[in-house]
file input02.txt (compact mmCIF, C-alpha atoms)
# COMPACT_ATOMS: atom_id res chain seq x y z
CA MET Y 1 152.98 31.09 -21.41
CA LYS Y 2 151.34 30.46 -18.07
CA VAL Y 3 149.33 27.27 -18.20
CA GLY Y 4 146.13 27.24 -16.19
CA LYS Y 5 144.97 24.38 -13.99
CA LYS Y 6 141.88 23.88 -16.11
CA ALA Y 7 143.88 23.47 -19.31
CA VAL Y 8 146.00 20.82 -17.59
CA ALA Y 9 142.88 19.08 -16.31
CA ARG Y 10 141.52 19.01 -19.87
CA LEU Y 11 144.74 17.33 -21.09
CA SER Y 12 143.82 14.18 -19.17
CA ARG Y 13 140.37 14.26 -20.74
CA TYR Y 14 141.91 14.70 -24.20
CA ARG Y 15 144.08 11.68 -23.59
CA ASP Y 16 141.11 9.58 -22.46
CA ALA Y 17 139.23 10.59 -25.63
CA LEU Y 18 142.30 9.78 -27.75
CA MET Y 19 142.44 6.30 -26.25
CA THR Y 20 138.80 5.87 -27.22
CA PHE Y 21 139.52 7.12 -30.78
CA LYS Y 22 142.37 4.64 -30.95
CA SER Y 23 140.20 1.77 -29.73
CA TYR Y 24 137.79 2.60 -32.59
CA GLY Y 25 140.63 2.43 -35.08
CA VAL Y 26 140.66 6.20 -35.73
CA ASP Y 27 144.17 7.47 -36.45
CA ARG Y 28 143.60 11.12 -37.36
CA PHE Y 29 141.05 13.67 -36.15
CA TYR Y 30 140.09 17.33 -36.34
CA SER Y 31 139.64 19.74 -33.47
CA TRP Y 32 135.85 19.53 -33.84
CA ASP Y 33 135.91 15.73 -33.46
CA MET Y 34 137.61 16.18 -30.11
CA ALA Y 35 135.33 19.07 -29.19
CA SER Y 36 132.25 17.01 -29.87
CA ALA Y 37 133.61 14.02 -27.91
CA LEU Y 38 134.16 16.17 -24.83
CA GLY Y 39 131.40 18.78 -25.06
CA LEU Y 40 133.89 21.61 -25.69
CA THR Y 41 134.16 24.09 -28.54
CA ALA Y 42 136.64 23.43 -31.36
CA ALA Y 43 138.20 26.83 -30.58
CA GLN Y 44 138.87 25.72 -27.01
CA VAL Y 45 140.52 22.52 -28.21
CA ARG Y 46 142.75 24.39 -30.67
CA LYS Y 47 143.64 26.96 -28.01
CA ASP Y 48 144.59 24.29 -25.48
CA PHE Y 49 146.65 22.41 -28.06
CA SER Y 50 148.49 25.59 -29.06
CA VAL Y 51 149.25 26.42 -25.41
CA PHE Y 52 150.98 23.05 -25.18
CA ASN Y 53 152.69 23.46 -28.56
CA ILE Y 54 150.67 20.71 -30.15
CA GLU Y 55 150.26 21.33 -33.86
CA GLY Y 56 147.85 19.88 -36.39
CA LYS Y 57 148.07 20.01 -40.17
CA LYS Y 58 145.56 21.65 -42.48
CA LYS Y 59 143.22 19.15 -44.17
CA VAL Y 60 144.96 16.29 -42.34
CA GLY Y 61 144.23 17.13 -38.73
CA TYR Y 62 145.99 15.67 -35.72
CA SER Y 63 147.58 12.25 -35.41
CA VAL Y 64 146.06 10.21 -32.58
CA ASP Y 65 149.26 8.32 -31.78
CA ALA Y 66 151.48 11.40 -31.91
CA LEU Y 67 149.11 13.27 -29.64
CA ILE Y 68 148.89 10.44 -27.10
CA GLY Y 69 152.68 10.47 -26.93
CA ARG Y 70 152.90 14.25 -26.68
CA ILE Y 71 150.28 14.51 -23.92
CA GLY Y 72 152.04 11.71 -22.06
CA GLU Y 73 155.28 13.71 -22.22
CA ILE Y 74 153.56 16.87 -21.03
CA LEU Y 75 151.90 15.13 -18.11
CA GLY Y 76 155.18 13.43 -17.24
CA LYS Y 77 153.45 10.10 -17.72
CA ASN Y 78 156.06 8.46 -19.88
CA LYS Y 79 158.07 7.77 -16.78
CA ILE Y 80 156.48 6.33 -13.69
CA GLN Y 81 156.98 8.44 -10.58
CA THR Y 82 157.28 6.99 -7.12
CA ALA Y 83 155.11 8.28 -4.32
CA VAL Y 84 154.29 7.67 -0.69
CA LEU Y 85 150.89 7.25 0.93
CA CYS Y 86 150.24 8.93 4.28
CA GLY Y 87 147.45 7.31 6.24
CA THR Y 88 146.80 3.60 6.71
CA GLY Y 89 143.13 3.71 7.75
CA PRO Y 90 140.10 2.71 5.65
CA LEU Y 91 140.69 5.56 3.20
CA GLY Y 92 144.29 4.52 2.53
CA LYS Y 93 143.09 0.98 2.04
CA ALA Y 94 140.39 2.12 -0.42
CA VAL Y 95 142.90 4.19 -2.42
CA VAL Y 96 145.09 1.13 -2.89
CA ASP Y 97 142.53 -1.70 -3.04
CA GLU Y 98 140.16 0.08 -5.41
CA GLY Y 99 143.02 1.34 -7.57
CA LEU Y 100 141.82 4.94 -7.27
CA LEU Y 101 145.14 6.23 -8.62
CA THR Y 102 145.57 3.64 -11.35
CA GLY Y 103 146.19 5.29 -14.68
CA ALA Y 104 148.15 8.20 -13.23
CA HIS Y 105 151.52 6.43 -13.70
CA VAL Y 106 152.33 6.80 -10.05
CA HIS Y 107 153.78 3.93 -8.10
CA LEU Y 108 153.08 4.03 -4.37
CA ILE Y 109 156.05 2.37 -2.71
CA ALA Y 110 155.37 2.84 1.00
CA ALA Y 111 152.79 3.98 3.52
CA PHE Y 112 153.43 6.18 6.54
CA ASP Y 113 151.42 6.76 9.68
CA ASP Y 114 151.79 7.53 13.34
CA PRO Y 115 153.69 4.82 15.20
CA GLY Y 116 151.29 1.96 15.90
CA LYS Y 117 150.54 -1.69 15.45
CA LYS Y 118 151.11 -1.67 11.71
CA ASN Y 119 154.70 -0.39 11.94
CA GLY Y 120 157.28 -2.48 10.17
CA LYS Y 121 154.54 -4.71 8.78
CA SER Y 122 152.79 -4.25 5.53
CA THR Y 123 149.18 -3.30 4.92
CA PHE Y 124 147.21 -3.64 1.68
CA GLY Y 125 150.46 -4.49 -0.08
CA LEU Y 126 152.57 -1.57 1.13
CA PRO Y 127 155.25 -1.56 3.84
CA VAL Y 128 154.26 0.74 6.71
CA HIS Y 129 156.78 3.09 8.28
CA PRO Y 130 156.43 5.52 11.20
CA LEU Y 131 156.00 9.16 10.19
CA GLU Y 132 159.33 10.13 11.78
CA ASN Y 133 161.17 8.13 9.09
CA LEU Y 134 159.47 9.99 6.25
CA THR Y 135 162.20 12.57 5.64
CA ASP Y 136 164.96 9.99 5.24
CA PHE Y 137 162.77 7.80 3.07
CA VAL Y 138 161.76 10.61 0.73
CA ARG Y 139 165.38 11.72 0.34
CA ASP Y 140 166.77 8.22 -0.15
CA ASN Y 141 164.11 7.26 -2.69
CA LYS Y 142 163.86 10.61 -4.48
CA ILE Y 143 160.10 10.80 -3.87
CA THR Y 144 158.40 13.90 -5.30
CA ILE Y 145 154.74 13.06 -4.75
CA GLY Y 146 152.69 12.31 -1.63
CA VAL Y 147 149.10 11.20 -1.23
CA ILE Y 148 147.30 12.01 2.03
CA ALA Y 149 144.51 9.59 2.89
CA ALA Y 150 143.35 10.92 6.23
CA THR Y 151 140.57 13.30 7.07
CA ASN Y 152 141.11 14.08 10.71
CA GLY Y 153 143.60 16.37 12.40
CA LYS Y 154 146.41 14.17 11.13
CA ALA Y 155 146.26 15.48 7.60
CA GLN Y 156 147.92 18.86 8.11
CA ARG Y 157 150.64 17.15 10.15
CA PHE Y 158 151.20 14.66 7.34
CA LEU Y 159 151.44 17.54 4.87
CA ASP Y 160 153.92 19.42 7.04
CA HIS Y 161 156.11 16.32 7.18
CA LEU Y 162 155.85 15.78 3.43
CA VAL Y 163 156.79 19.38 2.65
CA LEU Y 164 159.68 19.36 5.11
CA SER Y 165 160.88 16.17 3.46
CA GLY Y 166 161.05 17.90 0.11
CA VAL Y 167 157.97 16.48 -1.57
CA ARG Y 168 156.83 18.79 -4.37
CA GLY Y 169 153.25 17.77 -4.98
CA VAL Y 170 150.49 16.36 -2.80
CA LEU Y 171 147.03 14.98 -3.43
CA SER Y 172 145.01 15.28 -0.25
CA LEU Y 173 141.68 13.67 0.56
CA ALA Y 174 141.45 15.53 3.86
CA LYS Y 175 138.29 17.57 4.06
CA GLY Y 176 139.91 20.84 4.97
CA ASP Y 177 142.02 22.99 2.69
CA LEU Y 178 145.54 22.11 3.78
CA LYS Y 179 148.16 24.79 3.65
CA ALA Y 180 151.62 24.38 2.18
CA PRO Y 181 154.32 26.74 0.99
CA ARG Y 182 154.14 27.72 -2.67
CA ALA Y 183 156.97 25.34 -3.56
CA CYS Y 184 154.58 22.44 -2.97
CA VAL Y 185 151.46 21.97 -5.10
CA VAL Y 186 148.52 20.67 -3.05
CA ALA Y 187 145.29 19.42 -4.59
CA ASN Y 188 142.64 19.24 -1.88
CA ILE Y 189 139.75 16.93 -2.67
CA ASN Y 190 136.81 17.64 -0.40
CA LEU Y 191 134.00 15.19 -1.03
CA ALA Y 192 131.59 16.86 1.40
CA ARG Y 193 131.95 20.10 -0.53
CA GLU Y 194 131.48 18.35 -3.87
CA LEU Y 195 128.33 16.77 -2.52
CA GLU Y 196 127.08 20.18 -1.36
CA ASN Y 197 127.45 21.44 -4.90
CA VAL Y 198 125.39 18.55 -6.19
CA MET Y 199 122.74 19.29 -3.55
CA TYR Y 200 122.63 22.92 -4.58
CA PHE Y 201 121.88 22.04 -8.18
CA VAL Y 202 119.33 19.41 -7.13
CA ASN Y 203 117.50 21.85 -4.86
CA ASN Y 204 117.57 24.49 -7.55
CA GLN Y 205 116.19 22.15 -10.21
CA GLN Y 206 113.31 21.21 -7.97
CA LYS Y 207 112.40 24.85 -7.39
CA ARG Y 208 112.38 25.48 -11.12
CA ALA Y 209 110.38 22.37 -11.95
CA PRO Y 210 106.73 23.00 -12.90
CA LYS Y 211 104.23 22.09 -10.19
CA MET K 1 120.58 34.76 -13.36
CA LYS K 2 122.38 31.56 -14.22
CA VAL K 3 124.58 30.50 -11.36
CA GLY K 4 127.87 28.86 -12.31
CA LYS K 5 129.34 25.75 -10.69
CA LYS K 6 132.35 27.70 -9.49
CA ALA K 7 130.24 30.29 -7.71
CA VAL K 8 128.39 27.50 -5.93
CA ALA K 9 131.67 25.84 -5.01
CA ARG K 10 132.87 29.13 -3.54
CA LEU K 11 129.75 29.33 -1.36
CA SER K 12 130.96 26.35 0.65
CA ARG K 13 134.32 28.03 1.08
CA TYR K 14 132.62 31.26 2.18
CA ARG K 15 130.70 29.33 4.78
CA ASP K 16 133.86 27.63 6.08
CA ALA K 17 135.52 31.05 6.38
CA LEU K 18 132.44 32.44 8.15
CA MET K 19 132.62 29.62 10.68
CA THR K 20 136.24 30.58 11.30
CA PHE K 21 135.29 34.26 11.68
CA LYS K 22 132.61 33.22 14.16
CA SER K 23 135.03 31.07 16.15
CA TYR K 24 137.26 34.16 16.45
CA GLY K 25 134.33 36.19 17.79
CA VAL K 26 134.01 38.31 14.63
CA ASP K 27 130.38 39.27 13.96
CA ARG K 28 130.68 41.61 10.98
CA PHE K 29 133.07 41.75 8.04
CA TYR K 30 133.74 43.50 4.74
CA SER K 31 134.14 41.92 1.33
CA TRP K 32 137.91 42.42 1.48
CA ASP K 33 138.15 40.49 4.78
CA MET K 34 136.55 37.53 3.07
CA ALA K 35 138.64 38.03 -0.06
CA SER K 36 141.84 38.00 1.97
CA ALA K 37 140.78 34.90 3.94
CA LEU K 38 140.21 32.95 0.73
CA GLY K 39 142.75 34.42 -1.67
CA LEU K 40 140.06 36.00 -3.86
CA THR K 41 139.48 39.60 -4.93
CA ALA K 42 136.94 41.71 -3.04
CA ALA K 43 135.17 42.32 -6.36
CA GLN K 44 134.73 38.57 -6.82
CA VAL K 45 133.28 38.22 -3.33
CA ARG K 46 130.82 41.08 -3.91
CA LYS K 47 129.84 39.67 -7.28
CA ASP K 48 129.20 36.19 -5.87
CA PHE K 49 127.17 37.62 -3.00
CA SER K 50 125.08 39.73 -5.38
CA VAL K 51 124.41 36.71 -7.61
CA PHE K 52 122.94 34.97 -4.58
CA ASN K 53 121.05 38.09 -3.46
CA ILE K 54 123.21 38.55 -0.39
CA GLU K 55 123.42 42.21 0.57
CA GLY K 56 125.82 44.05 2.82
CA LYS K 57 125.44 47.55 4.29
CA LYS K 58 127.74 50.48 3.64
CA LYS K 59 130.19 51.14 6.50
CA VAL K 60 128.73 48.20 8.41
CA GLY K 61 129.55 45.30 6.11
CA TYR K 62 128.02 41.86 6.26
CA SER K 63 126.68 40.06 9.32
CA VAL K 64 128.47 36.75 9.94
CA ASP K 65 125.43 35.04 11.47
CA ALA K 66 123.00 36.28 8.83
CA LEU K 67 125.33 35.13 6.07
CA ILE K 68 125.85 31.67 7.58
CA GLY K 69 122.07 31.28 7.67
CA ARG K 70 121.61 32.60 4.14
CA ILE K 71 124.31 30.38 2.63
CA GLY K 72 122.83 27.41 4.50
CA GLU K 73 119.45 28.16 2.91
CA ILE K 74 120.98 28.49 -0.55
CA LEU K 75 122.89 25.23 -0.26
CA GLY K 76 119.79 23.53 1.11
CA LYS K 77 121.74 22.71 4.25
CA ASN K 78 119.16 23.82 6.76
CA LYS K 79 117.34 20.58 6.19
CA ILE K 80 119.16 17.29 6.15
CA GLN K 81 118.65 15.30 2.95
CA THR K 82 118.61 11.53 2.84
CA ALA K 83 120.79 9.67 0.40
CA VAL K 84 121.82 6.17 -0.59
CA LEU K 85 125.29 4.77 -1.03
CA CYS K 86 125.97 2.46 -3.99
CA GLY K 87 128.98 0.22 -3.44
CA THR K 88 129.88 -1.70 -0.30
CA GLY K 89 133.58 -2.36 -0.99
CA PRO K 90 136.58 -0.66 0.64
CA LEU K 91 135.68 2.71 -0.90
CA GLY K 92 132.14 2.63 0.49
CA LYS K 93 133.58 1.70 3.86
CA ALA K 94 136.06 4.58 3.71
CA VAL K 95 133.34 7.09 2.78
CA VAL K 96 131.35 6.10 5.86
CA ASP K 97 134.08 5.26 8.37
CA GLU K 98 136.21 8.29 7.64
CA GLY K 99 133.18 10.57 7.52
CA LEU K 100 134.14 11.88 4.06
CA LEU K 101 130.69 13.40 3.59
CA THR K 102 130.31 14.77 7.10
CA GLY K 103 129.43 18.43 7.02
CA ALA K 104 127.34 18.20 3.87
CA HIS K 105 124.07 17.67 5.83
CA VAL K 106 123.43 14.46 4.01
CA HIS K 107 122.27 11.41 5.87
CA LEU K 108 123.12 8.10 4.20
CA ILE K 109 120.35 5.70 5.16
CA ALA K 110 121.15 2.57 3.15
CA ALA K 111 123.75 0.93 0.96
CA PHE K 112 123.09 -0.95 -2.27
CA ASP K 113 125.19 -3.43 -4.18
CA ASP K 114 124.92 -6.46 -6.38
CA PRO K 115 123.31 -9.40 -4.60
CA GLY K 116 125.93 -11.04 -2.40
CA LYS K 117 126.93 -12.10 1.07
CA LYS K 118 126.20 -8.73 2.63
CA ASN K 119 122.53 -8.67 1.55
CA GLY K 120 120.04 -8.09 4.30
CA LYS K 121 122.86 -7.55 6.75
CA SER K 122 124.44 -4.26 7.61
CA THR K 123 127.93 -3.09 6.80
CA PHE K 124 129.78 -0.17 8.37
CA GLY K 125 126.53 0.88 10.04
CA LEU K 126 124.28 0.83 6.97
CA PRO K 127 121.71 -1.80 5.97
CA VAL K 128 122.66 -3.39 2.65
CA HIS K 129 120.05 -4.04 -0.03
CA PRO K 130 120.35 -5.66 -3.46
CA LEU K 131 120.46 -3.21 -6.36
CA GLU K 132 117.15 -4.47 -7.75
CA ASN K 133 115.35 -2.99 -4.73
CA LEU K 134 116.78 0.49 -5.33
CA THR K 135 113.85 1.91 -7.29
CA ASP K 136 111.28 1.03 -4.65
CA PHE K 137 113.53 2.25 -1.86
CA VAL K 138 114.23 5.60 -3.50
CA ARG K 139 110.53 6.16 -4.17
CA ASP K 140 109.36 5.07 -0.71
CA ASN K 141 111.98 7.15 1.09
CA LYS K 142 111.90 10.19 -1.22
CA ILE K 143 115.66 9.96 -1.84
CA THR K 144 117.07 12.66 -4.13
CA ILE K 145 120.80 12.04 -3.77
CA GLY K 146 123.03 9.06 -4.48
CA VAL K 147 126.71 8.45 -3.80
CA ILE K 148 128.58 5.96 -5.98
CA ALA K 149 131.57 4.38 -4.26
CA ALA K 150 132.78 1.98 -6.92
CA THR K 151 135.42 2.39 -9.54
CA ASN K 152 135.00 -0.63 -11.72
CA GLY K 153 132.44 -1.37 -14.41
CA LYS K 154 129.74 -1.33 -11.76
CA ALA K 155 129.63 2.42 -11.50
CA GLN K 156 127.74 3.21 -14.71
CA ARG K 157 125.24 0.48 -13.86
CA PHE K 158 124.75 1.98 -10.40
CA LEU K 159 124.20 5.39 -11.99
CA ASP K 160 121.69 4.02 -14.50
CA HIS K 161 119.73 2.47 -11.64
CA LEU K 162 119.86 5.67 -9.60
CA VAL K 163 118.64 7.79 -12.49
CA LEU K 164 115.85 5.35 -13.38
CA SER K 165 114.83 5.45 -9.73
CA GLY K 166 114.38 9.20 -9.90
CA VAL K 167 117.48 10.36 -8.04
CA ARG K 168 118.33 13.93 -9.04
CA GLY K 169 121.94 14.31 -8.02
CA VAL K 170 124.90 11.94 -7.77
CA LEU K 171 128.41 12.16 -6.42
CA SER K 172 130.54 9.53 -8.10
CA LEU K 173 134.01 8.36 -7.12
CA ALA K 174 134.26 6.17 -10.20
CA LYS K 175 137.27 7.02 -12.27
CA GLY K 176 135.46 7.46 -15.54
CA ASP K 177 133.10 10.27 -16.44
CA LEU K 178 129.71 8.67 -15.97
CA LYS K 179 126.91 9.72 -18.23
CA ALA K 180 123.43 10.65 -17.09
CA PRO K 181 120.51 12.52 -18.61
CA ARG K 182 120.46 16.25 -17.98
CA ALA K 183 117.78 15.89 -15.33
CA CYS K 184 120.38 14.32 -13.05
CA VAL K 185 123.44 16.25 -11.87
CA VAL K 186 126.54 14.06 -11.67
CA ALA K 187 129.77 15.17 -10.04
CA ASN K 188 132.55 12.82 -11.13
CA ILE K 189 135.56 12.77 -8.82
CA ASN K 190 138.56 11.19 -10.53
CA LEU K 191 141.50 10.93 -8.16
CA ALA K 192 143.90 9.59 -10.79
CA ARG K 193 143.21 12.64 -12.93
CA GLU K 194 143.67 14.99 -9.97
CA LEU K 195 146.98 13.33 -9.24
CA GLU K 196 148.04 13.76 -12.86
CA ASN K 197 147.40 17.49 -12.53
CA VAL K 198 149.61 17.61 -9.45
CA MET K 199 152.31 15.70 -11.33
CA TYR K 200 152.14 18.13 -14.22
CA PHE K 201 152.78 21.10 -11.96
CA VAL K 202 155.53 19.25 -10.11
CA ASN K 203 157.29 18.30 -13.34
CA ASN K 204 156.91 21.82 -14.63
CA GLN K 205 158.34 23.37 -11.46
CA GLN K 206 161.35 21.12 -11.68
CA LYS K 207 162.06 22.12 -15.26
CA ARG K 208 161.88 25.76 -14.30
CA ALA K 209 164.06 25.34 -11.21
CA PRO K 210 167.66 26.60 -11.58
CA LYS K 211 170.25 23.88 -12.03

call {"tool": "encode", "arguments": {"input": "input02.txt", "output": "structure tokens"}}
result
Amino acid sequence: MKVGKKAVARLSRYRDALMTFKSYGVDRFYSWDMASALGLTAAQVRKDFSVFNIEGKKKVGYSVDALIGRIGEILGKNKIQTAVLCGTGPLGKAVVDEGLLTGAHVHLIAAFDDPGKKNGKSTFGLPVHPLENLTDFVRDNKITIGVIAATNGKAQRFLDHLVLSGVRGVLSLAKGDLKAPRACVVANINLARELENVMYFVNNQQKRAPK
Amino acid sequence: MKVGKKAVARLSRYRDALMTFKSYGVDRFYSWDMASALGLTAAQVRKDFSVFNIEGKKKVGYSVDALIGRIGEILGKNKIQTAVLCGTGPLGKAVVDEGLLTGAHVHLIAAFDDPGKKNGKSTFGLPVHPLENLTDFVRDNKITIGVIAATNGKAQRFLDHLVLSGVRGVLSLAKGDLKAPRACVVANINLARELENVMYFVNNQQKRAPK
């Protein structure tokens, strides 16, 4: 069965809710408990779980621990994957220093950027290499994931290098929609666009508000 | 008609495509031109446009300039809105220095944080105020939008202050899903979760790949 991006995105939310259940000492739950925790319908929860071959038992429900383990397996979180960071400017620093990726079971092991002052040194705890060494590094270290922390013209160039190096998935904070061949999954996060959406709903609310 | 979040998100993409059309000297287009530029169906494009009362003409199509203007109006982008930034750490710096919000027609006019060394000074080009002054500032400057650049326990506190101050929309980079009353729109960007989604698709690709 083809699994949609939204179902996968909900898996992370299910896991967060499960951790909360666990912290409250809850060890079993029903689909409607989860639905109510996340503002979904119980039917949606059951459908998602069935897509991922997660089964509950009648009158007993789902086991919190079993489900945490199963979702971890599905998300590939039971093993930590190594990744590289492209971009050593303020955004790269923020990603590392503020732990923006913490919780995703990804271990950033090096940063890459255009040749410059930082080369061969380390910045915010990561060794910095010139972009031209990326291909060898990715191959030697079996890297599958890249994170692009650059918003200027560099970003597409970083992505091209990552894809050529054999990286299979990229999270990009560049503002534009970067293009990659189908063999590489790219998630483009565009904060300006997200903010526009917020502004739309704010402006719309105000128009609807009674005067 | 109720307008969905996804339709609004597509509006920004339509506008980006229109700017590209314009840069190529194109002044009119059909729904299928837009569909092909964005990987959508022509029916989807026509439906979105009709939801927002955007009309084309038979055999003539849509006017690029008129549509750029209309989408700008809808997104409230023809006037610049003022906003405040909450959080003056590395993430706040990255948001400003890397221009992550540029293009959204939002003008950040001040930063807020817990009382500390930066108080009364300015950081990355913004004056910094203590959080306790937020309510007065928002009221005096008619601020409707807030941006939260903090990922630790501070974020929910920042949001609570923003909402109490009357802010109507918030973009948050905190990792958790912050909670606000319905009167305030909150877009939560969770990079760790986005990265998990990428990892899922990468792991899934690999399993499917021939051995």

call {"tool": "closest_residue", "arguments": {"input": "input02.txt", "among": "K:Ala104, K:Leu162, K:Val138, K:Leu11", "to": "chain Y", "atoms": "all atoms listed in the file"}}
result
K:Ala104

call {"tool": "interface_residues", "arguments": {"input": "input02.txt", "of": "chain K", "to": "chain Y", "cutoff": "8 Å", "atoms": "all atoms listed in the file", "output": "VMD selection string"}}
result
chain K and resid 5 8 to 9 12 74 to 76 90 to 91 93 to 95 97 to 104 144 to 145 150 to 151 168 to 171 175 184 to 187 190 to 203

call {"tool": "residues_around", "arguments": {"input": "input02.txt", "residues": "region 109-118 of chain Y", "least_positions_apart": "2", "cutoff": "7 Å", "atoms": "all atoms listed in the file", "output": "CSV table (one decimal) with C-alpha atoms, keeping the file's coordinate frame"}}
result
chain,number,residue,atom,x,y,z
Y,82,THR,CA,157.3,7.0,-7.1
Y,83,ALA,CA,155.1,8.3,-4.3
Y,84,VAL,CA,154.3,7.7,-0.7
Y,85,LEU,CA,150.9,7.2,0.9
Y,86,CYS,CA,150.2,8.9,4.3
Y,87,GLY,CA,147.4,7.3,6.2
Y,88,THR,CA,146.8,3.6,6.7
Y,107,HIS,CA,153.8,3.9,-8.1
Y,120,GLY,CA,157.3,-2.5,10.2
Y,121,LYS,CA,154.5,-4.7,8.8
Y,122,SER,CA,152.8,-4.2,5.5
Y,126,LEU,CA,152.6,-1.6,1.1
Y,127,PRO,CA,155.2,-1.6,3.8
Y,128,VAL,CA,154.3,0.7,6.7
Y,129,HIS,CA,156.8,3.1,8.3
Y,130,PRO,CA,156.4,5.5,11.2
Y,131,LEU,CA,156.0,9.2,10.2

call {"tool": "atom_distance", "arguments": {"input": "input02.txt", "atom1": "CA of Gln44 (chain Y)", "atom2": "CA of Trp32 (chain Y)"}}
result
9.7 Å

call {"tool": "atom_distance", "arguments": {"input": "input02.txt", "atom1": "CA of Leu18 (chain K)", "atom2": "CA of Tyr62 (chain K)"}}
result
10.6 Å

call {"tool": "axis_aligned_box", "arguments": {"input": "input02.txt", "around": "region 131-150 of chain K", "padding_each_side": "5 Å", "output": "AutoDock Vina command-line options"}}
result
--center_x 121.1 --center_y 4.1 --center_z -3.3 --size_x 33.4 --size_y 27.1 --size_z 18.8

call {"tool": "atom_distance", "arguments": {"input": "input02.txt", "atom1": "CA of His161 (chain Y)", "atom2": "CA of Asn141 (chain Y)"}}
result
15.6 Å

call {"tool": "residues_around", "arguments": {"input": "input02.txt", "residues": "Leu159 (chain Y)", "least_positions_apart": "4", "cutoff": "8 Å", "atoms": "all atoms listed in the file", "output": "list of chain:residue names"}}
result
Y:Ile148, Y:Ala155, Y:Val163, Y:Val170, Y:Leu178, Y:Ala180

call {"tool": "closest_residue", "arguments": {"input": "input02.txt", "among": "K:Asn53, K:Ser165, K:Gln156, K:Thr135", "to": "Arg70 (chain K)", "atoms": "all atoms listed in the file"}}
result
K:Asn53

call {"tool": "build_atoms", "arguments": {"input": "input02.txt", "residues": "region 122-133 of chain Y", "atoms": "N, CA, C and O atoms", "output": "PDB file, in the coordinates of the input"}}
result
ATOM      1  N   SER Y 122     153.302  -4.866   6.736  1.00  0.00           N
ATOM      2  CA  SER Y 122     152.790  -4.250   5.530  1.00  0.00           C
ATOM      3  C   SER Y 122     151.280  -4.327   5.559  1.00  0.00           C
ATOM      4  O   SER Y 122     150.684  -5.194   6.201  1.00  0.00           O
ATOM      5  N   THR Y 123     150.637  -3.344   4.933  1.00  0.00           N
ATOM      6  CA  THR Y 123     149.180  -3.300   4.920  1.00  0.00           C
ATOM      7  C   THR Y 123     148.751  -3.051   3.489  1.00  0.00           C
ATOM      8  O   THR Y 123     149.426  -2.315   2.753  1.00  0.00           O
ATOM      9  N   PHE Y 124     147.682  -3.665   3.077  1.00  0.00           N
ATOM     10  CA  PHE Y 124     147.210  -3.640   1.680  1.00  0.00           C
ATOM     11  C   PHE Y 124     148.366  -3.530   0.680  1.00  0.00           C
ATOM     12  O   PHE Y 124     148.349  -2.698  -0.219  1.00  0.00           O
ATOM     13  N   GLY Y 125     149.374  -4.377   0.896  1.00  0.00           N
ATOM     14  CA  GLY Y 125     150.460  -4.490  -0.080  1.00  0.00           C
ATOM     15  C   GLY Y 125     151.568  -3.470   0.016  1.00  0.00           C
ATOM     16  O   GLY Y 125     152.509  -3.489  -0.785  1.00  0.00           O
ATOM     17  N   LEU Y 126     151.500  -2.569   0.984  1.00  0.00           N
ATOM     18  CA  LEU Y 126     152.570  -1.570   1.130  1.00  0.00           C
ATOM     19  C   LEU Y 126     153.253  -1.720   2.485  1.00  0.00           C
ATOM     20  O   LEU Y 126     152.580  -1.936   3.499  1.00  0.00           O
ATOM     21  N   PRO Y 127     154.580  -1.584   2.539  1.00  0.00           N
ATOM     22  CA  PRO Y 127     155.250  -1.560   3.840  1.00  0.00           C
ATOM     23  C   PRO Y 127     154.865  -0.281   4.591  1.00  0.00           C
ATOM     24  O   PRO Y 127     154.744   0.778   3.985  1.00  0.00           O
ATOM     25  N   VAL Y 128     154.662  -0.414   5.902  1.00  0.00           N
ATOM     26  CA  VAL Y 128     154.260   0.740   6.710  1.00  0.00           C
ATOM     27  C   VAL Y 128     155.433   1.223   7.553  1.00  0.00           C
ATOM     28  O   VAL Y 128     156.076   0.425   8.235  1.00  0.00           O
ATOM     29  N   HIS Y 129     155.719   2.509   7.480  1.00  0.00           N
ATOM     30  CA  HIS Y 129     156.780   3.090   8.280  1.00  0.00           C
ATOM     31  C   HIS Y 129     156.211   4.164   9.204  1.00  0.00           C
ATOM     32  O   HIS Y 129     155.196   4.767   8.894  1.00  0.00           O
ATOM     33  N   PRO Y 130     156.885   4.424  10.342  1.00  0.00           N
ATOM     34  CA  PRO Y 130     156.430   5.520  11.200  1.00  0.00           C
ATOM     35  C   PRO Y 130     156.757   6.874  10.548  1.00  0.00           C
ATOM     36  O   PRO Y 130     157.750   7.000   9.829  1.00  0.00           O
ATOM     37  N   LEU Y 131     155.909   7.850  10.825  1.00  0.00           N
ATOM     38  CA  LEU Y 131     156.000   9.160  10.190  1.00  0.00           C
ATOM     39  C   LEU Y 131     157.400   9.780  10.361  1.00  0.00           C
ATOM     40  O   LEU Y 131     157.892  10.483   9.476  1.00  0.00           O
ATOM     41  N   GLU Y 132     158.028   9.507  11.507  1.00  0.00           N
ATOM     42  CA  GLU Y 132     159.330  10.130  11.780  1.00  0.00           C
ATOM     43  C   GLU Y 132     160.423   9.687  10.778  1.00  0.00           C
ATOM     44  O   GLU Y 132     161.444  10.343  10.655  1.00  0.00           O
ATOM     45  N   ASN Y 133     160.169   8.587  10.078  1.00  0.00           N
ATOM     46  CA  ASN Y 133     161.170   8.130   9.090  1.00  0.00           C
ATOM     47  C   ASN Y 133     160.924   8.693   7.697  1.00  0.00           C
ATOM     48  O   ASN Y 133     161.673   8.389   6.763  1.00  0.00           O
TER      49      ASN Y 133
END
